[in-house]
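**Student:** File entry_36.tsv follows (TSV, C-alpha atoms and all ligand atoms):
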```
chain	number	residue	atom	x	y	z
A	1	MET	CA	0.00	0.00	0.00
A	2	ALA	CA	1.30	3.47	-0.85
A	3	SER	CA	2.83	5.31	2.10
A	4	LYS	CA	1.14	8.50	3.38
A	5	VAL	CA	4.31	9.72	5.06
A	6	PRO	CA	5.60	13.00	3.50
A	7	HIS	CA	8.94	12.09	1.95
A	8	LEU	CA	11.18	14.37	-0.13
A	9	MET	CA	12.87	12.64	-3.07
A	10	THR	CA	13.31	15.75	-5.27
A	11	LEU	CA	12.18	19.40	-5.16
A	12	GLY	CA	9.72	18.24	-7.80
A	13	ASP	CA	7.76	16.86	-4.83
A	14	LEU	CA	7.17	20.41	-3.52
A	15	SER	CA	5.11	23.18	-5.08
A	16	ALA	CA	6.82	26.50	-5.90
A	17	PRO	CA	5.20	28.22	-2.84
A	18	GLU	CA	6.38	25.35	-0.62
A	19	ILE	CA	9.95	25.76	-1.92
A	20	LEU	CA	9.81	29.50	-1.21
A	21	ARG	CA	8.44	28.77	2.26
A	22	VAL	CA	11.44	26.52	3.04
A	23	LEU	CA	13.81	29.24	1.72
A	24	ASN	CA	12.12	31.92	3.81
A	25	HIS	CA	12.36	29.70	6.85
A	26	ALA	CA	16.05	28.99	6.19
A	27	TYR	CA	16.72	32.72	5.86
A	28	GLY	CA	14.89	33.37	9.14
A	29	LEU	CA	16.86	30.67	10.95
A	30	LYS	CA	20.15	32.10	9.69
A	31	ARG	CA	19.13	35.65	10.55
A	32	ARG	CA	18.10	34.73	14.08
A	33	THR	CA	21.05	32.43	14.80
A	34	GLN	CA	24.09	33.96	13.06
A	35	PRO	CA	22.93	37.22	11.40
A	36	TRP	CA	26.50	38.34	10.64
A	37	LEU	CA	26.67	35.56	8.04
A	38	LEU	CA	24.11	37.34	5.85
A	39	PRO	CA	25.70	39.43	3.08
A	40	SER	CA	23.22	42.25	3.83
A	41	VAL	CA	24.27	42.51	7.49
A	42	PRO	CA	27.61	44.27	8.11
A	43	SER	CA	30.02	42.12	10.08
A	44	GLN	CA	29.90	43.33	13.69
A	45	ALA	CA	33.05	42.41	15.61
A	46	GLY	CA	32.30	41.50	19.20
A	47	LYS	CA	28.67	40.61	18.48
A	48	LYS	CA	29.34	37.18	17.10
A	49	SER	CA	27.73	35.12	19.79
A	50	MET	CA	25.45	32.51	18.33
A	51	ARG	CA	21.81	32.60	19.39
A	52	LEU	CA	19.92	29.36	19.71
A	53	PRO	CA	16.97	28.80	17.38
A	54	SER	CA	13.87	27.05	18.71
A	55	GLN	CA	14.60	23.64	20.20
A	56	SER	CA	11.97	22.10	17.97
A	57	LEU	CA	13.87	18.87	17.35
A	58	PHE	CA	14.24	18.03	21.05
A	59	PRO	CA	14.18	15.08	21.86
A	60	LYS	CA	14.10	13.73	18.30
A	61	THR	CA	16.68	11.79	16.31
A	62	ILE	CA	17.24	11.92	12.56
A	63	ALA	CA	19.10	8.93	11.13
A	64	LEU	CA	21.73	9.89	8.54
A	65	LEU	CA	21.84	6.81	6.35
A	66	PHE	CA	24.83	7.55	4.10
A	67	SER	CA	26.26	4.98	1.71
A	68	LYS	CA	28.48	7.57	-0.03
A	69	ARG	CA	31.02	10.12	1.14
A	70	SER	CA	29.91	13.58	2.22
A	71	THR	CA	31.45	16.69	3.75
A	72	ARG	CA	28.86	19.44	3.38
A	73	THR	CA	25.63	17.47	3.62
A	74	ARG	CA	26.77	15.49	6.63
A	75	VAL	CA	28.24	18.47	8.51
A	76	ALA	CA	25.16	20.57	7.71
A	77	ALA	CA	22.83	17.84	8.97
A	78	GLU	CA	24.76	17.10	12.14
A	79	THR	CA	25.24	20.75	13.14
A	80	SER	CA	21.62	21.60	12.28
A	81	ALA	CA	20.10	18.83	14.33
A	82	GLU	CA	22.22	19.82	17.30
A	83	LEU	CA	21.26	23.51	17.07
A	84	LEU	CA	17.59	22.53	17.00
A	85	GLY	CA	18.04	20.46	20.17
A	86	GLY	CA	17.85	17.11	18.40
A	87	ARG	CA	20.32	14.49	17.34
A	88	ALA	CA	21.64	13.33	13.97
A	89	LEU	CA	22.70	9.70	14.14
A	90	PHE	CA	25.29	8.98	11.45
A	91	LEU	CA	24.98	5.46	10.03
A	92	GLY	CA	27.56	4.81	7.30
A	93	SER	CA	27.39	1.75	5.07
A	94	GLU	CA	30.25	0.13	7.03
A	95	ASP	CA	28.34	0.52	10.30
A	96	ILE	CA	24.95	-1.07	9.78
A	97	GLN	CA	23.44	-4.27	8.40
A	98	LEU	CA	21.72	-2.62	5.40
A	99	GLY	CA	22.71	-4.17	2.09
A	100	VAL	CA	24.81	-6.91	3.69
A	101	ASN	CA	22.61	-8.78	6.16
A	102	GLU	CA	19.36	-6.81	5.97
A	103	SER	CA	16.93	-5.53	3.35
A	104	PRO	CA	15.97	-1.85	2.87
A	105	ARG	CA	12.42	-2.79	3.88
A	106	ASP	CA	13.42	-4.19	7.29
A	107	THR	CA	16.01	-1.45	7.87
A	108	ALA	CA	13.46	1.28	7.12
A	109	ARG	CA	10.95	-0.22	9.56
A	110	VAL	CA	13.50	-0.67	12.35
A	111	ILE	CA	15.08	2.80	12.04
A	112	GLY	CA	11.63	4.34	11.76
A	113	GLY	CA	10.65	2.70	15.02
A	114	MET	CA	13.41	4.52	16.91
A	115	CYS	CA	14.09	7.71	14.92
A	116	GLN	CA	11.73	10.47	13.79
A	117	GLY	CA	13.25	11.04	10.36
A	118	VAL	CA	15.75	9.67	7.87
A	119	PHE	CA	18.17	11.70	5.75
A	120	ALA	CA	19.56	9.22	3.21
A	121	ARG	CA	22.42	9.39	0.70
A	122	VAL	CA	22.30	6.41	-1.63
A	123	GLY	CA	23.68	5.05	-4.90
A	124	ASP	CA	20.91	4.18	-7.30
A	125	HIS	CA	17.75	6.26	-6.81
A	126	SER	CA	15.65	3.08	-6.48
A	127	GLU	CA	17.36	2.48	-3.11
A	128	ILE	CA	15.87	5.60	-1.52
A	129	GLU	CA	12.48	4.92	-3.13
A	130	GLU	CA	12.55	1.49	-1.47
A	131	LEU	CA	13.43	2.99	1.92
A	132	ALA	CA	10.68	5.59	1.59
A	133	LYS	CA	8.13	2.96	0.58
A	134	TYR	CA	8.55	1.13	3.87
A	135	SER	CA	9.58	3.93	6.24
A	136	PRO	CA	7.03	4.95	8.88
A	137	VAL	CA	8.85	8.31	9.23
A	138	PRO	CA	9.78	10.96	6.60
A	139	VAL	CA	12.73	10.16	4.35
A	140	LEU	CA	14.64	13.14	2.87
A	141	ASN	CA	16.98	12.63	-0.06
A	142	ALA	CA	20.56	13.64	0.81
A	143	LEU	CA	21.65	12.73	-2.79
A	144	SER	CA	20.84	9.86	-5.09
A	145	SER	CA	21.87	8.97	-8.64
A	146	LEU	CA	18.96	11.07	-9.96
A	147	TRP	CA	18.35	13.99	-7.59
A	148	HIS	CA	20.01	16.32	-5.06
A	149	PRO	CA	17.17	18.47	-3.72
A	150	THR	CA	18.89	19.98	-0.68
A	151	GLN	CA	21.71	21.33	-2.89
A	152	ILE	CA	19.29	23.38	-4.96
A	153	LEU	CA	17.68	24.84	-1.84
A	154	ALA	CA	21.13	26.11	-0.80
A	155	ASP	CA	21.81	27.48	-4.30
A	156	LEU	CA	18.52	29.35	-4.30
A	157	LEU	CA	19.05	30.79	-0.82
A	158	THR	CA	22.47	32.03	-1.97
A	159	LEU	CA	21.00	33.70	-5.07
A	160	HIS	CA	18.24	35.36	-3.04
A	161	GLU	CA	20.76	36.63	-0.48
A	162	HIS	CA	22.86	38.13	-3.31
A	163	SER	CA	19.86	39.46	-5.22
A	164	ASP	CA	21.24	43.04	-5.21
A	165	GLN	CA	24.09	41.81	-7.43
A	166	PHE	CA	21.58	40.90	-10.12
A	167	GLY	CA	20.05	44.37	-10.18
A	168	THR	CA	16.94	43.47	-8.21
A	169	ALA	CA	15.15	46.62	-7.10
A	170	LYS	CA	14.90	46.60	-3.34
A	171	ASP	CA	11.30	46.87	-2.15
A	172	PRO	CA	11.44	49.45	0.66
A	173	ARG	CA	8.18	48.14	2.11
A	174	LYS	CA	9.56	44.71	2.56
A	175	SER	CA	10.73	43.69	6.03
A	176	PRO	CA	14.48	42.98	6.28
A	177	ALA	CA	13.47	39.83	8.15
A	178	ARG	CA	12.05	38.38	4.93
A	179	LEU	CA	13.95	36.57	2.21
A	180	PRO	CA	15.10	39.19	-0.36
A	181	ASP	CA	13.21	38.99	-3.65
A	182	LEU	CA	15.05	37.73	-6.70
A	183	LYS	CA	14.35	38.99	-10.21
A	184	PRO	CA	13.87	36.33	-12.91
A	185	LEU	CA	17.36	35.15	-13.85
A	186	THR	CA	18.99	33.36	-16.74
A	187	VAL	CA	20.89	30.45	-15.22
A	188	ALA	CA	23.35	28.48	-17.37
A	189	TYR	CA	24.50	24.99	-16.49
A	190	VAL	CA	27.58	23.70	-18.29
A	191	GLY	CA	28.58	20.10	-17.67
A	192	ASP	CA	27.25	16.69	-16.77
A	193	SER	CA	23.54	15.98	-16.65
A	194	ALA	CA	23.52	14.57	-13.13
A	195	ASN	CA	21.61	14.85	-9.85
A	196	VAL	CA	22.36	18.56	-9.23
A	197	LEU	CA	21.21	19.63	-12.69
A	198	HIS	CA	18.15	17.37	-12.52
A	199	ASP	CA	16.80	19.15	-9.46
A	200	MET	CA	17.51	22.49	-11.16
A	201	LEU	CA	15.43	21.33	-14.14
A	202	VAL	CA	12.33	20.67	-12.03
A	203	THR	CA	12.74	23.81	-9.91
A	204	TYR	CA	14.15	26.93	-11.59
A	205	PRO	CA	11.51	27.30	-14.33
A	206	ARG	CA	8.72	27.06	-11.74
A	207	LEU	CA	10.30	29.97	-9.85
A	208	GLY	CA	10.42	32.10	-13.01
A	209	HIS	CA	14.07	31.55	-13.97
A	210	GLN	CA	15.26	30.47	-17.44
A	211	LEU	CA	17.67	27.56	-17.66
A	212	ARG	CA	20.24	27.17	-20.45
A	213	VAL	CA	22.06	23.83	-20.38
A	214	ALA	CA	25.02	22.52	-22.34
A	215	SER	CA	25.93	18.86	-21.95
A	216	PRO	CA	27.39	16.29	-24.37
A	217	LYS	CA	24.46	14.46	-26.00
A	218	GLN	CA	25.40	11.05	-24.59
A	219	TYR	CA	24.93	12.48	-21.07
A	220	ARG	CA	21.44	13.90	-21.54
A	221	ALA	CA	19.12	13.52	-18.52
A	222	PRO	CA	17.31	10.15	-18.34
A	223	THR	CA	13.64	9.69	-19.27
A	224	GLU	CA	12.59	9.52	-15.63
A	225	VAL	CA	13.86	13.08	-15.13
A	226	TRP	CA	12.30	14.40	-18.36
A	227	ASP	CA	8.97	12.89	-17.34
A	228	ARG	CA	9.03	14.98	-14.14
A	229	VAL	CA	10.23	18.06	-16.07
A	230	LYS	CA	7.25	17.75	-18.44
A	231	GLU	CA	4.74	16.86	-15.73
A	232	LEU	CA	5.73	20.07	-13.88
A	233	GLU	CA	5.66	22.07	-17.17
A	234	CYS	CA	9.26	23.13	-16.70
A	235	ASP	CA	10.31	22.23	-20.27
A	236	LYS	CA	9.18	25.64	-21.60
A	237	GLY	CA	11.78	27.35	-19.40
A	238	ILE	CA	14.72	25.21	-20.57
A	239	TRP	CA	17.09	25.63	-23.52
A	240	TRP	CA	19.28	22.55	-24.10
A	241	GLY	CA	22.25	22.13	-26.42
A	242	GLU	CA	25.82	20.90	-26.65
A	243	ASP	CA	27.66	24.21	-27.07
A	244	PRO	CA	28.76	25.65	-23.70
A	245	LYS	CA	29.40	29.11	-25.23
A	246	GLU	CA	25.84	29.22	-26.49
A	247	ALA	CA	24.50	28.04	-23.12
A	248	VAL	CA	26.15	30.88	-21.19
A	249	ARG	CA	24.92	33.59	-23.58
A	250	GLY	CA	23.29	36.30	-21.44
A	251	ALA	CA	23.58	34.20	-18.27
A	252	ASP	CA	23.35	35.91	-14.88
A	253	VAL	CA	24.59	32.77	-13.17
A	254	VAL	CA	26.84	29.96	-14.46
A	255	VAL	CA	26.73	26.62	-12.66
A	256	THR	CA	28.68	23.43	-13.01
A	257	ASP	CA	29.25	20.18	-11.10
A	258	THR	CA	31.81	17.42	-11.25
A	259	TRP	CA	32.05	15.56	-14.58
A	260	ILE	CA	32.64	12.32	-12.65
A	261	SER	CA	30.00	11.78	-9.98
A	262	MET	CA	30.52	9.39	-7.08
A	263	GLY	CA	30.26	5.86	-8.46
A	264	GLN	CA	31.43	6.83	-11.98
A	265	GLU	CA	35.17	6.66	-11.26
A	266	ALA	CA	35.69	3.86	-13.83
A	267	GLU	CA	34.42	6.22	-16.58
A	268	LYS	CA	36.95	8.93	-15.74
A	269	GLU	CA	39.04	8.87	-18.94
A	270	GLU	CA	36.03	8.63	-21.23
A	271	ARG	CA	34.31	11.48	-19.42
A	272	LEU	CA	37.37	13.74	-19.42
A	273	ARG	CA	37.45	13.34	-23.22
A	274	ALA	CA	33.71	13.91	-23.63
A	275	PHE	CA	33.74	17.14	-21.59
A	276	GLU	CA	36.73	18.75	-23.32
A	277	GLY	CA	35.83	22.40	-23.91
A	278	TYR	CA	33.34	22.52	-21.04
A	279	GLN	CA	35.66	24.02	-18.41
A	280	VAL	CA	34.10	27.21	-16.96
A	281	THR	CA	36.54	30.08	-17.52
A	282	GLU	CA	36.28	33.84	-18.11
A	283	ALA	CA	36.92	33.20	-21.82
A	284	LEU	CA	34.15	30.61	-22.10
A	285	CYS	CA	31.72	33.04	-20.47
A	286	ALA	CA	32.61	36.10	-22.57
A	287	ASN	CA	28.98	36.30	-23.79
A	288	ALA	CA	27.41	36.01	-20.34
A	289	ASN	CA	25.98	38.99	-18.49
A	290	PRO	CA	29.18	40.97	-17.59
A	291	SER	CA	28.36	40.64	-13.89
A	292	TRP	CA	27.69	36.88	-13.98
A	293	LYS	CA	28.11	34.87	-10.79
A	294	PHE	CA	29.36	31.32	-10.35
A	295	LEU	CA	27.91	28.41	-8.35
A	296	HIS	CA	29.26	24.87	-7.77
A	297	CYS	CA	27.96	22.33	-5.27
A	298	LEU	CA	31.50	21.14	-4.41
A	299	PRO	CA	33.61	19.07	-4.22
A	300	ARG	CA	35.32	20.65	-7.23
A	301	LYS	CA	38.04	19.53	-9.64
A	302	PRO	CA	39.98	22.19	-11.60
A	303	HIS	CA	39.15	20.59	-14.97
A	304	GLU	CA	35.49	21.68	-14.68
A	305	VAL	CA	36.25	25.27	-13.54
A	306	ASP	CA	39.57	27.08	-13.40
A	307	ASP	CA	41.00	28.76	-10.29
A	308	ASP	CA	40.39	32.29	-11.59
A	309	VAL	CA	36.64	31.73	-11.63
A	310	PHE	CA	36.41	29.38	-8.67
A	311	TYR	CA	38.36	31.64	-6.27
A	312	GLY	CA	37.51	34.93	-8.02
A	313	SER	CA	35.04	37.67	-7.17
A	314	ARG	CA	32.23	36.08	-9.21
A	315	SER	CA	32.27	32.95	-7.14
A	316	LEU	CA	29.57	32.36	-4.53
A	317	VAL	CA	30.67	28.78	-3.86
A	318	PHE	CA	31.56	29.16	-0.19
A	319	PRO	CA	28.41	31.08	0.86
A	320	GLU	CA	26.60	28.38	-1.17
A	321	ALA	CA	28.32	25.66	0.89
A	322	ASP	CA	27.48	27.51	4.14
A	323	ASN	CA	23.84	27.66	3.09
A	324	ARG	CA	23.61	23.86	2.99
A	325	LYS	CA	23.25	24.18	6.76
A	326	TRP	CA	20.38	26.68	6.98
A	327	THR	CA	18.35	25.04	4.25
A	328	ILE	CA	18.76	21.54	5.69
A	329	MET	CA	17.88	22.95	9.13
A	330	ALA	CA	14.72	24.47	7.67
A	331	LEU	CA	13.75	21.13	6.13
A	332	PHE	CA	14.35	19.31	9.41
A	333	GLU	CA	12.06	21.75	11.26
B	401	LIG	N1	27.52	19.36	-2.27
B	401	LIG	C1	27.52	18.22	-1.56
B	401	LIG	O1	26.52	17.47	-1.49
B	401	LIG	O2	28.68	17.98	-0.90
B	401	LIG	P1	29.04	16.69	-0.05
B	401	LIG	O3	29.10	15.53	-1.00
B	401	LIG	O4	30.36	17.00	0.59
B	401	LIG	O5	27.95	16.47	0.98
B	402	LIG	N1	27.02	14.97	-8.97
B	402	LIG	C1	27.84	14.83	-7.79
B	402	LIG	C2	27.36	15.73	-6.72
B	402	LIG	C3	28.24	15.72	-5.48
B	402	LIG	C4	27.71	16.60	-4.41
B	402	LIG	C5	27.85	13.39	-7.35
B	402	LIG	O1	26.79	12.75	-7.38
B	402	LIG	O2	28.91	12.88	-6.97
```
Let me see the file written as structure tokens.

**Tutor:**
Amino acid sequence: MASKVPHLMTLGDLSAPEILRVLNHAYGLKRRTQPWLLPSVPSQAGKKSMRLPSQSLFPKTIALLFSKRSTRTRVAAETSAELLGGRALFLGSEDIQLGVNESPRDTARVIGGMCQGVFARVGDHSEIEELAKYSPVPVLNALSSLWHPTQILADLLTLHEHSDQFGTAKDPRKSPARLPDLKPLTVAYVGDSANVLHDMLVTYPRLGHQLRVASPKQYRAPTEVWDRVKELECDKGIWWGEDPKEAVRGADVVVTDTWISMGQEAEKEERLRAFEGYQVTEALCANANPSWKFLHCLPRKPHEVDDDVFYGSRSLVFPEADNRKWTIMALFE
């Protein structure tokens, strides 16, 4: 029987207003807890004592069921749960019986009997679907082969926080406690059609942003992703081609990800050849909006973006990484 528990496999599972509500909540949590981290708030030396948000997770436990490596997602989840008065219980694939001595069905039931939520990073997307099918508590996707929803929440929070850099008129009537508005942007993605891009495809067009994607044709998103894109009527807001220079034309934001996702290490040489010419550089982006900004989920390899862009003034990659925390905290609440 289909589960009635509210799981989150992709941002395609949330409506546009629900996504904005999570972003607003994340912004509020950040503003109340560490306001000096917001770009709009001047750094105030001596006032950097962290304030506690509501202890809404006390005395709850969220199981972090991770079968792949993670720095940002894991640290964001563990620090968020603690700040909310709850606990994140890290369960790596070497630690538990799942996949060796026990099925996803039994594991989901047992963990759900003791924990109030599951944040799962898996290999094939079917693994998290199986967990969700049998879990009595909500399962949130911390990355699967198909989707990476919490990454796109962090990317969007970062763009909203930096909205003044895209020429967004500030609404003087709007409370500074609210998430800054973002004008409709042109967002270019240059690289592999993988989990990060897939969640962009089902999200950005619904929030009014145009997507321009360049990816080698053999790496085009799978049918399962296109079905969701069409179901959510996002296809009208997407341009897709193979020429990275064409993709970045007029872009306000340029995004890339690794060309070799976790689990694809054996394809490294083939992929490095296929993505020749896709490295994000100033020269590649000569036709972008002159004030274009750069996003990358990290971890990053220099072949997909050079140091000048990655560490330069256009790059928002470290605020983007920091925002994994506030957006994951908002989802947990
Ligand atoms: N961006 C991201 O998901 O990073 P980690 O793999 O380090 O969690
Ligand atoms: N596409 C990458 C994202 C890492 C955060 C991967 O799946 O490895």

**Student:** Give the residues close to ligand LIG 402 (chain B), within 10 Å, counting only C-alpha atoms and all ligand atoms; write them as a VMD selection string.

**Tutor:** chain A and resid 68 to 73 121 to 123 142 to 148 151 192 to 198 256 to 265 296 to 300

**Student:** For A:Asn287, please output as a PDB file with C-alpha atoms, in the coordinates of the input all residues within 9 Å (counting only C-alpha atoms; exclusion window: fewer than 2 positions along the same chain).

**Tutor:**
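The result, stored in around_2.pdb:
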```pdb
ATOM      1  CA  LYS A 245      29.400  29.110 -25.230  1.00  0.00           C
ATOM      2  CA  GLU A 246      25.840  29.220 -26.490  1.00  0.00           C
ATOM      3  CA  VAL A 248      26.150  30.880 -21.190  1.00  0.00           C
ATOM      4  CA  ARG A 249      24.920  33.590 -23.580  1.00  0.00           C
ATOM      5  CA  GLY A 250      23.290  36.300 -21.440  1.00  0.00           C
ATOM      6  CA  ALA A 251      23.580  34.200 -18.270  1.00  0.00           C
ATOM      7  CA  ALA A 283      36.920  33.200 -21.820  1.00  0.00           C
ATOM      8  CA  LEU A 284      34.150  30.610 -22.100  1.00  0.00           C
ATOM      9  CA  CYS A 285      31.720  33.040 -20.470  1.00  0.00           C
ATOM     10  CA  ASN A 289      25.980  38.990 -18.490  1.00  0.00           C
ATOM     11  CA  PRO A 290      29.180  40.970 -17.590  1.00  0.00           C
TER      12      PRO A 290
END
```

**Student:** Go ahead and compute the interatomic distance for atom CA of A:Ala16 and atom CA of A:His125, in Å to one decimal.

**Tutor:**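 Between these atoms lies a distance of 23.0 Å.
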
**Student:** So that I can check the surroundings of stretch 227-238 of chain A, please list as a list in words every protein, DNA and RNA residue that reaches within 10 Å of it, counting all atoms listed in the file and ignoring chain neighbours fewer than 2 positions away.

**Tutor:**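 Those residues are Thr10, Gly12, Asp13, Ser15, Thr186, Val187, Ala188, His198, Asp199, Met200, Leu201, Val202, Thr203, Tyr204, Pro205, Arg206, Leu207, Gly208, His209, Gln210, Leu211, Arg212, Val213, Pro222, Thr223, Glu224, Val225 and Trp240 of chain A.
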
**Student:** If you measure from atom CA of A:His25 to atom CA of A:Arg87, what distance in Å do you get, rounded to one decimal?

**Tutor:**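 These two atoms are separated by 20.1 Å.
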
**Student:** Rounded to one decimal, what separation in Å do you get between atom CA of A:Val190 and atom CA of A:Leu272?

**Tutor:** 14.0 Å

**Student:** Write out as a PyMOL selection string which residues come within 9 Å of A:Arg74 when counting all atoms listed in the file, dropping same-chain ones fewer than 6 positions away.

**Tutor:** chain A and resi 64+66+90+142

**Student:** Would you mind telling me which residue in A:Ala26, A:Ile152, A:Val139, A:Ala288 lies nearest to ligand LIG 401 (chain B) when using all atoms listed in the file?

**Tutor:**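 Going through A:Ala26, A:Ile152, A:Val139, A:Ala288 one by one, the smallest distance to ligand LIG 401 (chain B) is for A:Ile152.
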
**Student:** Can you find the residues with an atom no farther than 6 Å from (25.1, 22.9, -24.0), counting all atoms listed in the file, and report them as a list in words?

**Tutor:**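 Checking each residue against the 6 Å limit leaves Val213, Ala214, Ser215, Trp240, Gly241, Glu242, Asp243, Pro244 and Ala247 of chain A.
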
**Student:** Excluding A:Leu29 and any residue of its chain fewer than 5 positions from it, enumerate the residues within 10 Å of it, using all atoms listed in the file, and give them as a list in words.

**Tutor:**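 Listed by chain and then number, they are Leu23, Asn24, Gln34, Pro35, Arg51, Leu52, Pro53, Ser54, Trp326, Thr327, Met329 and Ala330 of chain A.
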